[in-house]
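Chemist: Before anything else, here's the structure in question.
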Amino acid sequence: MKIDHSVYSLRLRQPFRTARSAADAERHVVIVRVDGGVGEAAPTPYYGETVETVRHALERYAPVLADLPPIAPIETASARMRAALGGNTAARAAVECALWDALGRWVNQPLWRLWGLDPTHVPQTSYTIGLDTLDAMQAKAREAEPYAILKVKVGGSNDLDVLRALRDVTDKPIRVDANTAWTAREAVERCEELAPFGVEFVEQPVKAHDLDGLRFVRERSPVPIVADESARTSMDIPRLAGCVDGINIKLAKCGGLIEAMSMIRAARAHSMRVMVGCMIESSVGIASMAQLTPLVDYVDLDGHLLVANDPYEGARCVAGRIALTEASGTGARFRSGT
Ligand code: MG
């Protein structure tokens with residue numbers, strides 16, 4: 001088995017800012033090809049990964065996967081990568097997704113069908129509005145016309161003004177994401193203030209390690225609380241029980257579709273709601289994660305919608321949903337002419 005990779009610079013349609021990151025105009029991702037399948041690493045410095053660490057990880061994975069046959073046993077490949085190099089979850093996810101894609105293409109079936117999932121049970125995706133001026137955030141809400149749900153980045157200095165401004169231009173469901181911006185006491189206050197604006201839930205109000213803070217907020221907040229930065233892998237979930245109402249799963253955090261499935265099961269076992277999310281990434285990463293959407297309650301797979309030069313296609317948004325099609329594997333295909 002041989003791993004090929006290319007680095008792509010994804011140009012954002014508009015600069016994107018959160019409470020945790022400066023405004024970005026572009027992001028770099030690594031597209032990985034194995035056995036005719038394709039996967040994507042969307043490295044994030046917050047989780048300790050960059051394009052360089054992904055490249056280094058791929059070099060470390062290559063020798064431990066080299067003797068596996070084409071259409072490799074994916075559990076085995078994944079375990080070998082984990083043993084060769086801990087962490088590096090975005091890099092591992094890229095290889096694992098490429099192997100799943102290769103398997104699907106080989107049997108000429110989409111992954112959702114191989115897993116017995118129902119493509120008509122896909123929740124609508126939210127569309128994310130990054131921190132910006134009130135005018136710019138209103139304009140983004142208007143441009144989000146094709147999407148039924150908005151996810152709004154908060155944690156700036158004027159969250160109430162933001163919600164007020166958005167409610168002037170839209171009556172769509174709004175979810176908010178504070179990206180660890182608040183203390184627990186601030187978070188309770190914010191949740192109380194934001195609740196009257198019809199906020200569906202608040203994502204990651206406090207620091208990732210502050211589980212007591214999450215519990216404090218959840219016990220007092222009028223809106224449900226969802227963990228993102230605090231929920232990296234299935235190992236995190238038992239200790240999050242009672243601290244949050246749900247979790248947000250991302251391939252770049254957990255290391256692949258096998259672990260994503262483990263997280264879904266662990267969350268369900270603890271009566272938590274489940275969301276799948278993404279980084280800024282191309283259609284490759286989005287199409288991979290989209291295969292699991294029939295299993296979840298909330299979908300936030302819009303990273304590719306924020307990109308102006310997506311080199312791939314296969315994660316089309318139809319009637320507000322990332323459509324699961326008959327295309328084999330993850331359905332991601334290189335966009336000819338790019
Ligand atoms: Mg988040």
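Naming scheme: A, B, ... for chains in displayed order of the structure tokens; residues 1 onward per chain; ligands 1 onward as shown.
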Might you pull out every residue within 7 Å of Met275 (chain A), with only C-alpha atoms counted and same-chain residues fewer than 2 positions away left off, and present them as a list in words?

Modeler: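 Near neighbours after the sequence-gap exclusion: Ile247, Asn248, Ile249, Arg273, Gly277, Val296, Asp297, Tyr298 and Val299 of chain A.
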
Chemist: Could you save the residues just selected, with N, CA and C atoms, as a PDB file, in the first residue's frame?

Modeler:
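Once everything was written out, this is part_36.pdb:
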ATOM      1  N   ILE A 247     -22.563  16.193  22.181  1.00  0.00           N
ATOM      2  CA  ILE A 247     -21.165  16.348  21.757  1.00  0.00           C
ATOM      3  C   ILE A 247     -21.110  16.626  20.261  1.00  0.00           C
ATOM      4  N   ASN A 248     -20.010  17.272  19.861  1.00  0.00           N
ATOM      5  CA  ASN A 248     -19.754  17.554  18.454  1.00  0.00           C
ATOM      6  C   ASN A 248     -18.537  16.729  18.029  1.00  0.00           C
ATOM      7  N   ILE A 249     -18.731  15.858  17.045  1.00  0.00           N
ATOM      8  CA  ILE A 249     -17.677  14.944  16.593  1.00  0.00           C
ATOM      9  C   ILE A 249     -17.063  15.476  15.298  1.00  0.00           C
ATOM     10  N   ARG A 273     -27.028  13.860  23.026  1.00  0.00           N
ATOM     11  CA  ARG A 273     -27.296  14.148  21.628  1.00  0.00           C
ATOM     12  C   ARG A 273     -25.975  14.213  20.867  1.00  0.00           C
ATOM     13  N   GLY A 277     -19.450  17.661  13.024  1.00  0.00           N
ATOM     14  CA  GLY A 277     -18.972  18.954  12.562  1.00  0.00           C
ATOM     15  C   GLY A 277     -17.717  18.807  11.732  1.00  0.00           C
ATOM     16  N   VAL A 296     -27.028  10.786  13.367  1.00  0.00           N
ATOM     17  CA  VAL A 296     -26.865  11.877  14.330  1.00  0.00           C
ATOM     18  C   VAL A 296     -28.081  12.811  14.377  1.00  0.00           C
ATOM     19  N   ASP A 297     -28.072  13.704  15.376  1.00  0.00           N
ATOM     20  CA  ASP A 297     -29.188  14.644  15.573  1.00  0.00           C
ATOM     21  C   ASP A 297     -28.949  15.984  14.883  1.00  0.00           C
ATOM     22  N   TYR A 298     -27.686  16.417  14.879  1.00  0.00           N
ATOM     23  CA  TYR A 298     -27.359  17.729  14.333  1.00  0.00           C
ATOM     24  C   TYR A 298     -26.183  17.582  13.368  1.00  0.00           C
ATOM     25  N   VAL A 299     -26.256  18.331  12.277  1.00  0.00           N
ATOM     26  CA  VAL A 299     -25.172  18.304  11.290  1.00  0.00           C
ATOM     27  C   VAL A 299     -24.646  19.722  11.108  1.00  0.00           C
TER      28      VAL A 299
END

Chemist: Env of Pro43 (chain A): 9 Å cut, atoms = only C-alpha atoms, seq-sep filter 6 positions within chain, self excluded. Answer as a compact mmCIF listing (two decimals) with C-alpha atoms, in the first residue's frame.

Modeler:
# COMPACT_ATOMS: atom_id res chain seq x y z
CA HIS A 28 -4.10 24.56 4.19
CA VAL A 29 -5.25 20.96 4.01
CA VAL A 30 -3.58 17.72 2.95
CA GLU A 49 -1.33 19.81 14.00
CA THR A 50 -0.03 21.65 10.95
CA VAL A 51 0.63 20.67 7.33
CA THR A 53 3.09 17.49 11.23
CA VAL A 54 0.64 15.79 8.85
CA ASN A 88 -1.98 13.35 14.89
CA THR A 89 -5.67 12.66 14.52
CA ALA A 90 -6.18 14.76 11.38
CA ALA A 91 -3.42 12.87 9.60
CA ALA A 252 -9.75 15.95 12.64
CA MET A 279 -13.02 22.27 10.16

Chemist: Please return as a PDB file with N, CA and C atoms, in the first residue's frame the residues found within 12 Å of ligand 1, counting only C-alpha atoms and all ligand atoms.

Modeler:
ATOM      1  N   THR A  18     -13.161  33.244  14.806  1.00  0.00           N
ATOM      2  CA  THR A  18     -13.896  32.727  15.958  1.00  0.00           C
ATOM      3  C   THR A  18     -13.314  33.381  17.206  1.00  0.00           C
ATOM      4  N   ALA A  19     -13.907  33.026  18.381  1.00  0.00           N
ATOM      5  CA  ALA A  19     -13.402  33.588  19.630  1.00  0.00           C
ATOM      6  C   ALA A  19     -11.982  33.101  19.914  1.00  0.00           C
ATOM      7  N   ARG A  20     -11.565  32.023  19.259  1.00  0.00           N
ATOM      8  CA  ARG A  20     -10.269  31.405  19.520  1.00  0.00           C
ATOM      9  C   ARG A  20      -9.228  31.695  18.446  1.00  0.00           C
ATOM     10  N   SER A  21      -9.649  32.236  17.289  1.00  0.00           N
ATOM     11  CA  SER A  21      -8.699  32.372  16.192  1.00  0.00           C
ATOM     12  C   SER A  21      -8.845  33.713  15.495  1.00  0.00           C
ATOM     13  N   SER A 126     -26.269  23.061   9.479  1.00  0.00           N
ATOM     14  CA  SER A 126     -26.213  24.484   9.801  1.00  0.00           C
ATOM     15  C   SER A 126     -25.150  25.136   8.927  1.00  0.00           C
ATOM     16  N   THR A 128     -22.346  28.297   9.060  1.00  0.00           N
ATOM     17  CA  THR A 128     -21.681  29.054  10.121  1.00  0.00           C
ATOM     18  C   THR A 128     -21.402  30.499   9.730  1.00  0.00           C
ATOM     19  N   ILE A 129     -21.699  31.381  10.663  1.00  0.00           N
ATOM     20  CA  ILE A 129     -21.402  32.801  10.495  1.00  0.00           C
ATOM     21  C   ILE A 129     -20.305  33.159  11.497  1.00  0.00           C
ATOM     22  N   GLY A 130     -19.124  33.506  10.980  1.00  0.00           N
ATOM     23  CA  GLY A 130     -17.990  33.839  11.840  1.00  0.00           C
ATOM     24  C   GLY A 130     -18.149  35.214  12.459  1.00  0.00           C
ATOM     25  N   LYS A 151     -25.403  28.697  12.400  1.00  0.00           N
ATOM     26  CA  LYS A 151     -24.562  28.557  13.587  1.00  0.00           C
ATOM     27  C   LYS A 151     -23.731  29.827  13.681  1.00  0.00           C
ATOM     28  N   VAL A 152     -23.818  30.483  14.810  1.00  0.00           N
ATOM     29  CA  VAL A 152     -23.215  31.804  14.942  1.00  0.00           C
ATOM     30  C   VAL A 152     -22.074  31.743  15.942  1.00  0.00           C
ATOM     31  N   LYS A 153     -20.918  32.229  15.523  1.00  0.00           N
ATOM     32  CA  LYS A 153     -19.783  32.299  16.429  1.00  0.00           C
ATOM     33  C   LYS A 153     -19.988  33.486  17.372  1.00  0.00           C
ATOM     34  N   VAL A 154     -19.874  33.226  18.663  1.00  0.00           N
ATOM     35  CA  VAL A 154     -20.004  34.291  19.658  1.00  0.00           C
ATOM     36  C   VAL A 154     -18.746  34.285  20.522  1.00  0.00           C
ATOM     37  N   GLY A 155     -18.799  35.069  21.621  1.00  0.00           N
ATOM     38  CA  GLY A 155     -17.612  35.149  22.470  1.00  0.00           C
ATOM     39  C   GLY A 155     -16.839  36.425  22.206  1.00  0.00           C
ATOM     40  N   ARG A 175     -27.953  28.361  16.357  1.00  0.00           N
ATOM     41  CA  ARG A 175     -27.110  27.701  17.358  1.00  0.00           C
ATOM     42  C   ARG A 175     -25.911  28.608  17.568  1.00  0.00           C
ATOM     43  N   VAL A 176     -25.394  28.687  18.776  1.00  0.00           N
ATOM     44  CA  VAL A 176     -24.231  29.545  18.962  1.00  0.00           C
ATOM     45  C   VAL A 176     -23.045  28.736  19.476  1.00  0.00           C
ATOM     46  N   ASP A 177     -21.854  29.197  19.100  1.00  0.00           N
ATOM     47  CA  ASP A 177     -20.613  28.512  19.461  1.00  0.00           C
ATOM     48  C   ASP A 177     -19.652  29.533  20.055  1.00  0.00           C
ATOM     49  N   ALA A 178     -19.331  29.355  21.353  1.00  0.00           N
ATOM     50  CA  ALA A 178     -18.458  30.319  22.031  1.00  0.00           C
ATOM     51  C   ALA A 178     -16.983  29.928  21.932  1.00  0.00           C
ATOM     52  N   ASN A 179     -16.674  28.730  21.422  1.00  0.00           N
ATOM     53  CA  ASN A 179     -15.268  28.322  21.262  1.00  0.00           C
ATOM     54  C   ASN A 179     -14.422  28.645  22.493  1.00  0.00           C
ATOM     55  N   THR A 180     -14.902  28.234  23.674  1.00  0.00           N
ATOM     56  CA  THR A 180     -14.164  28.303  24.956  1.00  0.00           C
ATOM     57  C   THR A 180     -14.000  29.732  25.494  1.00  0.00           C
ATOM     58  N   ALA A 181     -14.794  30.693  25.015  1.00  0.00           N
ATOM     59  CA  ALA A 181     -14.506  32.110  25.316  1.00  0.00           C
ATOM     60  C   ALA A 181     -14.823  32.529  26.744  1.00  0.00           C
ATOM     61  N   PHE A 201     -29.011  25.721  20.981  1.00  0.00           N
ATOM     62  CA  PHE A 201     -28.051  25.251  21.991  1.00  0.00           C
ATOM     63  C   PHE A 201     -26.801  26.115  21.947  1.00  0.00           C
ATOM     64  N   VAL A 202     -25.996  25.978  22.997  1.00  0.00           N
ATOM     65  CA  VAL A 202     -24.731  26.727  23.088  1.00  0.00           C
ATOM     66  C   VAL A 202     -23.591  25.714  23.074  1.00  0.00           C
ATOM     67  N   GLU A 203     -22.651  25.933  22.150  1.00  0.00           N
ATOM     68  CA  GLU A 203     -21.529  25.009  22.018  1.00  0.00           C
ATOM     69  C   GLU A 203     -20.305  25.563  22.752  1.00  0.00           C
ATOM     70  N   GLN A 204     -19.662  24.687  23.481  1.00  0.00           N
ATOM     71  CA  GLN A 204     -18.387  24.922  24.173  1.00  0.00           C
ATOM     72  C   GLN A 204     -18.267  26.318  24.801  1.00  0.00           C
ATOM     73  N   PRO A 205     -19.065  26.567  25.862  1.00  0.00           N
ATOM     74  CA  PRO A 205     -19.008  27.885  26.497  1.00  0.00           C
ATOM     75  C   PRO A 205     -17.680  28.145  27.216  1.00  0.00           C
ATOM     76  N   VAL A 206     -17.064  27.106  27.792  1.00  0.00           N
ATOM     77  CA  VAL A 206     -15.868  27.312  28.640  1.00  0.00           C
ATOM     78  C   VAL A 206     -14.691  26.509  28.100  1.00  0.00           C
ATOM     79  N   LYS A 207     -13.538  26.675  28.751  1.00  0.00           N
ATOM     80  CA  LYS A 207     -12.305  25.993  28.329  1.00  0.00           C
ATOM     81  C   LYS A 207     -12.499  24.478  28.215  1.00  0.00           C
ATOM     82  N   ALA A 208     -11.736  23.866  27.313  1.00  0.00           N
ATOM     83  CA  ALA A 208     -11.906  22.443  27.022  1.00  0.00           C
ATOM     84  C   ALA A 208     -11.740  21.559  28.265  1.00  0.00           C
ATOM     85  N   ILE A 225     -26.388  22.483  26.369  1.00  0.00           N
ATOM     86  CA  ILE A 225     -24.950  22.738  26.213  1.00  0.00           C
ATOM     87  C   ILE A 225     -24.322  21.569  25.446  1.00  0.00           C
ATOM     88  N   VAL A 226     -23.519  21.916  24.444  1.00  0.00           N
ATOM     89  CA  VAL A 226     -22.855  20.894  23.618  1.00  0.00           C
ATOM     90  C   VAL A 226     -21.343  21.060  23.742  1.00  0.00           C
ATOM     91  N   ALA A 227     -20.639  19.940  23.901  1.00  0.00           N
ATOM     92  CA  ALA A 227     -19.170  19.973  23.999  1.00  0.00           C
ATOM     93  C   ALA A 227     -18.551  19.765  22.622  1.00  0.00           C
ATOM     94  N   ASP A 228     -17.593  20.621  22.282  1.00  0.00           N
ATOM     95  CA  ASP A 228     -16.811  20.414  21.048  1.00  0.00           C
ATOM     96  C   ASP A 228     -15.346  20.210  21.441  1.00  0.00           C
ATOM     97  N   GLU A 229     -14.660  21.289  21.820  1.00  0.00           N
ATOM     98  CA  GLU A 229     -13.246  21.172  22.193  1.00  0.00           C
ATOM     99  C   GLU A 229     -13.033  20.172  23.333  1.00  0.00           C
ATOM    100  N   SER A 230     -14.040  19.979  24.206  1.00  0.00           N
ATOM    101  CA  SER A 230     -13.904  19.030  25.325  1.00  0.00           C
ATOM    102  C   SER A 230     -14.111  17.576  24.900  1.00  0.00           C
ATOM    103  N   ALA A 231     -14.629  17.363  23.700  1.00  0.00           N
ATOM    104  CA  ALA A 231     -14.979  16.001  23.255  1.00  0.00           C
ATOM    105  C   ALA A 231     -14.145  15.639  22.034  1.00  0.00           C
ATOM    106  N   ARG A 232     -12.941  15.130  22.299  1.00  0.00           N
ATOM    107  CA  ARG A 232     -12.060  14.803  21.166  1.00  0.00           C
ATOM    108  C   ARG A 232     -12.246  13.359  20.717  1.00  0.00           C
ATOM    109  N   ILE A 247     -22.563  16.193  22.181  1.00  0.00           N
ATOM    110  CA  ILE A 247     -21.165  16.348  21.757  1.00  0.00           C
ATOM    111  C   ILE A 247     -21.110  16.626  20.261  1.00  0.00           C
ATOM    112  N   ASN A 248     -20.010  17.272  19.861  1.00  0.00           N
ATOM    113  CA  ASN A 248     -19.754  17.554  18.454  1.00  0.00           C
ATOM    114  C   ASN A 248     -18.537  16.729  18.029  1.00  0.00           C
ATOM    115  N   ILE A 249     -18.731  15.858  17.045  1.00  0.00           N
ATOM    116  CA  ILE A 249     -17.677  14.944  16.593  1.00  0.00           C
ATOM    117  C   ILE A 249     -17.063  15.476  15.298  1.00  0.00           C
ATOM    118  N   LYS A 250     -15.730  15.502  15.243  1.00  0.00           N
ATOM    119  CA  LYS A 250     -15.050  15.917  14.012  1.00  0.00           C
ATOM    120  C   LYS A 250     -13.944  14.914  13.691  1.00  0.00           C
ATOM    121  N   LYS A 253     -10.477  15.727  14.966  1.00  0.00           N
ATOM    122  CA  LYS A 253     -10.241  15.568  16.405  1.00  0.00           C
ATOM    123  C   LYS A 253     -10.118  14.100  16.789  1.00  0.00           C
ATOM    124  N   MET A 275     -23.806  15.535  17.388  1.00  0.00           N
ATOM    125  CA  MET A 275     -23.633  16.399  16.213  1.00  0.00           C
ATOM    126  C   MET A 275     -22.368  15.972  15.504  1.00  0.00           C
ATOM    127  N   VAL A 276     -22.354  16.071  14.185  1.00  0.00           N
ATOM    128  CA  VAL A 276     -21.082  15.955  13.467  1.00  0.00           C
ATOM    129  C   VAL A 276     -20.729  17.318  12.893  1.00  0.00           C
ATOM    130  N   GLY A 277     -19.450  17.661  13.024  1.00  0.00           N
ATOM    131  CA  GLY A 277     -18.972  18.954  12.562  1.00  0.00           C
ATOM    132  C   GLY A 277     -17.717  18.807  11.732  1.00  0.00           C
ATOM    133  N   CYS A 278     -17.076  19.918  11.457  1.00  0.00           N
ATOM    134  CA  CYS A 278     -15.925  19.899  10.552  1.00  0.00           C
ATOM    135  C   CYS A 278     -15.025  21.089  10.830  1.00  0.00           C
ATOM    136  N   MET A 279     -13.873  21.090  10.202  1.00  0.00           N
ATOM    137  CA  MET A 279     -13.016  22.273  10.165  1.00  0.00           C
ATOM    138  C   MET A 279     -13.320  22.969   8.839  1.00  0.00           C
ATOM    139  N   ILE A 280     -12.540  24.017   8.507  1.00  0.00           N
ATOM    140  CA  ILE A 280     -12.595  24.511   7.135  1.00  0.00           C
ATOM    141  C   ILE A 280     -11.923  23.435   6.304  1.00  0.00           C
ATOM    142  N   VAL A 299     -26.256  18.331  12.277  1.00  0.00           N
ATOM    143  CA  VAL A 299     -25.172  18.304  11.290  1.00  0.00           C
ATOM    144  C   VAL A 299     -24.646  19.722  11.108  1.00  0.00           C
ATOM    145  N   ASP A 300     -23.325  19.844  11.195  1.00  0.00           N
ATOM    146  CA  ASP A 300     -22.682  21.134  10.942  1.00  0.00           C
ATOM    147  C   ASP A 300     -21.534  20.879   9.961  1.00  0.00           C
ATOM    148  N   LEU A 301     -21.902  20.523   8.741  1.00  0.00           N
ATOM    149  CA  LEU A 301     -20.901  20.176   7.731  1.00  0.00           C
ATOM    150  C   LEU A 301     -20.934  21.231   6.627  1.00  0.00           C
ATOM    151  N   GLY A 303     -17.949  23.365   6.117  1.00  0.00           N
ATOM    152  CA  GLY A 303     -16.592  23.883   5.875  1.00  0.00           C
ATOM    153  C   GLY A 303     -16.342  24.152   4.399  1.00  0.00           C
TER     154      GLY A 303
END

Chemist: Any idea what the distance is between CA of Ala79 (chain A) and CA of Tyr47 (chain A)?

Modeler: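 Result for CA of Ala79 (chain A) versus CA of Tyr47 (chain A): 20.5 Å, one decimal.
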
Chemist: Pull the strand (DSSP E) assignments for region 151-329 of chain A out of DSSP run on the backbone, and list those residues as JSON, numbers by chain.

Modeler: {"A": [151, 152, 153, 174, 175, 176, 177, 199, 200, 201, 202, 203, 225, 226, 227, 246, 247, 248, 249, 273, 274, 275, 276, 298, 299, 312, 313, 317, 318, 321, 322]}

Chemist: Taking the chain letters and numbering used in this document, name the residues of region 40-252 of chain A that DSSP puts in helix (DSSP H, G or I), as a ChimeraX atom specification.

Modeler: /A:45-47,51-65,74-84,89-106,111-114,134-143,159-169,184-197,211-220,234-240,251-252

Chemist: Quick one: of A:Glu189, A:Asp302, A:Glu52, A:Glu281, who's nearest to Ala144 (chain A), counting only C-alpha atoms?

Modeler: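 Going through A:Glu189, A:Asp302, A:Glu52, A:Glu281 one by one, the smallest distance to Ala144 (chain A) is for A:Asp302.
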
Chemist: Which is closer to Asp24 (chain A) than all the others in A:Leu306, A:Arg80, A:Cys243, A:Pro119, using only C-alpha atoms?

Modeler: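 Of the candidates, the smallest distance to Asp24 (chain A) is held by A:Leu306.
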
Chemist: Fewer than 5 positions away in the same chain doesn't count, so skip those; otherwise give me all residues within 12 Å of Ala139 (chain A), counting only C-alpha atoms, as a list in words.

Modeler: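 Residues meeting the cut-off are Gln14, Ile129, Gly130, Asp132, Thr133, Leu134, Ala144, Glu145, Ala165, Leu166, Asp168, Val169 and Thr170 of chain A.
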
Chemist: Could you take the residues named above and write them with C-alpha atoms, as an mmCIF file, in the first residue's frame?

Modeler:
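Output file again_30.cif follows:
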data_model
loop_
_atom_site.group_PDB
_atom_site.id
_atom_site.type_symbol
_atom_site.label_atom_id
_atom_site.label_comp_id
_atom_site.auth_asym_id
_atom_site.auth_seq_id
_atom_site.Cartn_x
_atom_site.Cartn_y
_atom_site.Cartn_z
ATOM 1 C CA GLN A 14 -14.787 35.668 3.319
ATOM 2 C CA ILE A 129 -21.402 32.801 10.495
ATOM 3 C CA GLY A 130 -17.990 33.839 11.840
ATOM 4 C CA ASP A 132 -17.441 40.070 12.197
ATOM 5 C CA THR A 133 -19.039 43.513 12.261
ATOM 6 C CA LEU A 134 -22.802 43.525 12.817
ATOM 7 C CA ALA A 144 -27.132 31.889 3.866
ATOM 8 C CA GLU A 145 -30.543 31.736 2.185
ATOM 9 C CA ALA A 165 -28.914 42.177 14.625
ATOM 10 C CA LEU A 166 -29.347 38.665 13.265
ATOM 11 C CA ASP A 168 -33.655 41.589 12.538
ATOM 12 C CA VAL A 169 -32.871 39.697 9.333
ATOM 13 C CA THR A 170 -33.713 36.048 10.004
#

Chemist: Any chance you could tabulate, as a Markdown table, the residues of region 30-83 of chain A at most 8 Å from region 100-104 of chain A with each one's nearest atom pair and distance in Å to one decimal, using only C-alpha atoms, in chain and rising number order?

Modeler:
| residue | atom | partner | partner_atom | distance |
| --- | --- | --- | --- | --- |
| A:Val34 | CA | A:Ala102 | CA | 7.2 |
| A:Asp35 | CA | A:Ala102 | CA | 5.9 |
| A:Gly36 | CA | A:Ala102 | CA | 5.5 |
| A:Gly37 | CA | A:Ala102 | CA | 3.9 |
| A:Val38 | CA | A:Asp101 | CA | 6.2 |
| A:Gly39 | CA | A:Asp101 | CA | 7.6 |
| A:Ile71 | CA | A:Leu103 | CA | 5.8 |
| A:Ile74 | CA | A:Trp100 | CA | 7.3 |

Chemist: Can you pull out every residue within 9 Å of Ile322 (chain A), counting only C-alpha atoms, but drop anything in the same chain fewer than 2 positions away, and send it as a compact mmCIF listing (two decimals) with all heavy atoms, in the first residue's frame?

Modeler:
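The result, stored in around-v2.txt:
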# COMPACT_ATOMS: atom_id res chain seq x y z
N VAL A 122 -31.29 12.18 7.08
CA VAL A 122 -30.14 13.08 7.23
C VAL A 122 -30.64 14.44 7.72
O VAL A 122 -31.43 15.08 7.04
CB VAL A 122 -29.40 13.24 5.89
CG1 VAL A 122 -28.31 14.29 6.00
CG2 VAL A 122 -28.80 11.90 5.45
N PRO A 123 -30.19 14.88 8.90
CA PRO A 123 -30.60 16.21 9.37
C PRO A 123 -30.04 17.31 8.48
O PRO A 123 -29.01 17.14 7.83
CB PRO A 123 -29.98 16.30 10.78
CG PRO A 123 -29.60 14.91 11.16
CD PRO A 123 -29.32 14.18 9.88
N GLN A 124 -30.71 18.45 8.47
CA GLN A 124 -30.22 19.60 7.71
C GLN A 124 -28.94 20.13 8.34
O GLN A 124 -28.77 20.06 9.56
CB GLN A 124 -31.27 20.69 7.67
CG GLN A 124 -32.47 20.31 6.81
CD GLN A 124 -33.52 21.39 6.76
OE1 GLN A 124 -33.96 21.85 7.80
NE2 GLN A 124 -33.93 21.78 5.58
N THR A 125 -28.05 20.65 7.52
CA THR A 125 -26.81 21.20 8.06
C THR A 125 -27.00 22.66 8.46
O THR A 125 -27.78 23.39 7.85
CB THR A 125 -25.64 21.10 7.06
OG1 THR A 125 -24.44 21.57 7.72
CG2 THR A 125 -25.86 21.94 5.81
N ILE A 286 -15.66 16.58 4.03
CA ILE A 286 -17.10 16.72 4.28
C ILE A 286 -17.84 15.47 3.79
O ILE A 286 -18.72 14.93 4.48
CB ILE A 286 -17.65 17.98 3.58
CG1 ILE A 286 -16.93 19.23 4.09
CG2 ILE A 286 -19.17 18.07 3.76
CD1 ILE A 286 -17.14 19.57 5.54
N ALA A 287 -17.48 14.99 2.58
CA ALA A 287 -18.17 13.81 2.02
C ALA A 287 -17.91 12.58 2.90
O ALA A 287 -18.78 11.71 3.02
CB ALA A 287 -17.70 13.57 0.59
N ALA A 290 -20.06 13.03 6.04
CA ALA A 290 -21.49 13.02 5.69
C ALA A 290 -22.05 11.61 5.68
O ALA A 290 -23.25 11.41 5.93
CB ALA A 290 -21.68 13.68 4.32
N THR A 293 -24.07 10.80 8.72
CA THR A 293 -25.12 11.72 9.20
C THR A 293 -26.47 11.05 9.49
O THR A 293 -27.21 11.61 10.31
CB THR A 293 -25.31 12.91 8.23
OG1 THR A 293 -25.49 12.41 6.90
CG2 THR A 293 -24.11 13.83 8.27
N VAL A 299 -26.26 18.33 12.28
CA VAL A 299 -25.17 18.30 11.29
C VAL A 299 -24.65 19.72 11.11
O VAL A 299 -25.42 20.66 10.92
CB VAL A 299 -25.69 17.75 9.93
CG1 VAL A 299 -24.60 17.86 8.87
CG2 VAL A 299 -26.14 16.31 10.09
N LEU A 301 -21.90 20.52 8.74
CA LEU A 301 -20.90 20.18 7.73
C LEU A 301 -20.93 21.23 6.63
O LEU A 301 -21.47 21.01 5.53
CB LEU A 301 -21.18 18.77 7.17
CG LEU A 301 -20.98 17.62 8.16
CD1 LEU A 301 -21.28 16.28 7.50
CD2 LEU A 301 -19.55 17.60 8.72
N ASP A 302 -20.33 22.37 6.95
CA ASP A 302 -20.40 23.49 6.02
C ASP A 302 -19.02 24.03 5.64
O ASP A 302 -18.93 25.03 4.95
CB ASP A 302 -21.23 24.63 6.63
CG ASP A 302 -20.55 25.19 7.89
OD1 ASP A 302 -19.70 24.49 8.47
OD2 ASP A 302 -20.86 26.32 8.27
N ALA A 315 -20.12 16.67 -2.19
CA ALA A 315 -20.80 16.94 -0.90
C ALA A 315 -21.77 18.09 -1.14
O ALA A 315 -21.71 19.11 -0.48
CB ALA A 315 -19.79 17.27 0.18
N ARG A 316 -22.65 17.88 -2.12
CA ARG A 316 -23.55 18.96 -2.52
C ARG A 316 -24.65 19.15 -1.48
O ARG A 316 -25.17 18.18 -0.92
CB ARG A 316 -24.19 18.62 -3.88
CG ARG A 316 -24.32 19.82 -4.80
CD ARG A 316 -24.32 19.37 -6.25
NE ARG A 316 -25.42 18.46 -6.54
CZ ARG A 316 -26.67 18.87 -6.82
NH1 ARG A 316 -26.97 20.15 -6.84
NH2 ARG A 316 -27.61 17.99 -7.09
N CYS A 317 -24.99 20.39 -1.23
CA CYS A 317 -26.05 20.71 -0.30
C CYS A 317 -27.36 20.82 -1.09
O CYS A 317 -27.48 21.65 -1.98
CB CYS A 317 -25.73 22.02 0.41
SG CYS A 317 -26.72 22.25 1.88
N VAL A 318 -28.32 19.93 -0.80
CA VAL A 318 -29.59 19.91 -1.51
C VAL A 318 -30.70 20.07 -0.47
O VAL A 318 -30.79 19.27 0.47
CB VAL A 318 -29.78 18.58 -2.28
CG1 VAL A 318 -31.12 18.58 -3.01
CG2 VAL A 318 -28.63 18.34 -3.24
N ALA A 319 -31.53 21.10 -0.64
CA ALA A 319 -32.60 21.40 0.32
C ALA A 319 -32.06 21.45 1.75
O ALA A 319 -32.66 20.91 2.68
CB ALA A 319 -33.73 20.38 0.20
N GLY A 320 -30.89 22.06 1.90
CA GLY A 320 -30.33 22.27 3.23
C GLY A 320 -29.60 21.06 3.81
O GLY A 320 -29.10 21.12 4.93
N LEU A 324 -26.67 12.45 0.43
CA LEU A 324 -26.01 11.15 0.31
C LEU A 324 -26.46 10.55 -1.02
O LEU A 324 -27.66 10.34 -1.24
CB LEU A 324 -26.38 10.25 1.48
CG LEU A 324 -25.83 10.70 2.83
CD1 LEU A 324 -26.27 9.74 3.94
CD2 LEU A 324 -24.31 10.79 2.79

Chemist: Can you tell me how far CA of Ala98 (chain A) sits from CA of Arg265 (chain A), in Å to one decimal?

Modeler: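 It comes out at 22.7 Å.
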
Chemist: Would you list the contacts of Ile258 (chain A) as a VMD selection string, taking every protein, DNA or RNA residue within 10 Å and counting only C-alpha atoms, but skipping same-chain residues closer than 6 positions in sequence?

Modeler: chain A and resid 74 to 75 78 93 96 to 97 100 251

Chemist: With distances taken over only C-alpha atoms, which of A:Arg113, A:His209, A:Arg185, A:Arg142 is nearest to Thr325 (chain A)?

Modeler: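 Checking each candidate against Thr325 (chain A), we get A:Arg113 as the closest.
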
Chemist: Looking at A:Pro146, A:Gly314, A:Pro224, A:Pro15, which one is nearest to Ala327 (chain A), with distances taken over only C-alpha atoms?

Modeler: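 That would be A:Gly314, the residue with the smallest distance to Ala327 (chain A).
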